[in-house]
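See structure below.
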Amino acid sequence: MRQPGQGKTEGHEAAPLAVLDAAQIDLAAPAGDQVYQLLRGPILEMQLPPGCPVSEAELGSRLGVSRTPVREALMRLREEGLINTYPSRGSFVATLSRERILGAQFLREAIELAIVRRVMAEGLQADDLDALEGNLAAQSLAAEAEDFPRYHTLDDQFHRLLAAATGLPRTAVVLEREKIQLDRLRCLSLKVDGQLQSLLVEHQAILDAITSGDEAAAVTKMQAHCRTVLNVLETLSQQHQDYFE
């Protein structure tokens, strides 16, 4: 396994935390949670790539906060497997792990299929359908424009909307937590040729099966959709070897 901080992609070596320069901290709100959110987004979007250093002192300086909220944020990110801290070396964005990716995919698939079955059993409410259709329309625009960050956000939103349609609020929370180890791979996969349009077609097919009342088709299409990212795992691990353990 390569050492932390080695083999970083060119362009991220000079000042990777510069992506946070425009960030604003609300002094009236707890700083630790804000630092956590400000770091978590760029990590999941691969703006802070695997292996790049995350200095407590630099973070505090860039965000204008003390080391205490920075340490709180890094502790939460370590618990999620997004940051690794090494004695005498410091903290680094965690590399991608095949084992953790496969485990996360397994759990995500189980949750997503349960969501589909619950929605089919309870029925999709008009407000939920409107939200999902609006999301797909926005996905289409983002895919056409090849707006990868926007599409990633809408992709996540589509699945949160389905989870919300179960009427069980904890479902979306658990789904978000269990798919964390997949999110960076999903972000990388969006730039594979044709991936945006393929995902859009899959999302539309899932919703069509649900609205037509075909539970078997909805479950089958969701299962295939959840496994899409695994189809590009080998290719991406070869193209971005420095990102993987």
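We name chains A, B, ... following the order of the structure tokens; residues begin at 1 in each chain, and ligands are numbered from 1 as shown.
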
* Write out as a list in words each polymer residue whose atoms come within 6 Å of stretch 180-188 of chain A, counting only C-alpha atoms; drop sequence neighbours fewer than 2 positions from it. => Leu44, Ile101, Ala104, Arg177, Glu178 and Leu190 of chain A

* Write out as an MDAnalysis selection string each polymer residue whose atoms come within 7 Å of A:Ala165, counting only C-alpha atoms; drop sequence neighbours fewer than 3 positions from it. => chainID A and resid 119 124 128 161:162

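Between A:Asp208 and the candidates A:Asp26, A:Glu133, A:Glu245, A:Asp193, the tightest atom-to-atom separation, counting only C-alpha atoms, involves A:Glu133.
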
* To do: For stretch 215-221 of chain A, please output as a VMD selection string all residues within 6 Å (counting only C-alpha atoms; exclusion window: fewer than 6 positions along the same chain).
  => chain A and resid 113 206 209

Would you output that residue set with C-alpha atoms, as a tab-separated table (two decimals), in the first residue's frame?
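Output contents, as saved in selection00.tsv:
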chain	number	residue	atom	x	y	z
A	113	LEU	CA	-34.68	-2.61	-2.95
A	206	ILE	CA	-37.27	2.73	-12.26
A	209	ALA	CA	-41.99	0.66	-13.37

* Do you know which residues are at most 12 Å from A:Glu122 counting only C-alpha atoms, after dropping those on the same chain fewer than 4 positions away, and could you put them as a ChimeraX atom specification? -> /A:115-118,165-168,210,213,215

* What is the atom CA of A:Arg78 to atom CA of A:Leu230 distance in Å? ->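 Result for atom CA of A:Arg78 versus atom CA of A:Leu230: 24.4 Å, one decimal.
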
* To do: Taking the DSSP assignment computed from this structure's backbone, write out as a PyMOL selection string all residues of stretch 8-239 of chain A that belong to helix (DSSP H, G or I).
  => chain A and resi 16-20+31-44+56-63+67-79+98-122+126-144+148-164+170-178+180-189+195-211+215-226+228-231+233-239

* Structure fact -> Pairwise distance, atom CA of A:Leu141 with atom CA of A:His225, equals 20.3 Å

* **All residues 9 Å or closer to A:Glu176, only C-alpha atoms, same chain fewer than 4 positions away omitted, as JSON, numbers by chain** => {"A": [108, 156, 160, 171, 172, 180]}

* Residue among A:Ala23, A:Arg100, A:Leu74, A:Glu79 lying closest to A:Arg62, counting only C-alpha atoms ->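 For A:Arg62, the nearest of the candidates is A:Ala23.
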
* Close residues, A:Pro30 itself excluded, 10 Å, only C-alpha atoms, min 5 positions apart in chain, as an MDAnalysis selection string -> chainID A and resid 25 35 69

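Using only C-alpha atoms, the nearest neighbour of A:Val54 within the list A:Tyr151, A:Glu146, A:Tyr86, A:Gln223 is A:Tyr86.
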
* Please provide the set of residues having any atom within 12 Å of A:Leu17, restricted to only C-alpha atoms, with same-chain residues fewer than 2 positions apart removed, written as a PyMOL selection string. => chain A and resi 11-15+19-23+38-39+42-43+47-49+52-63+92-93
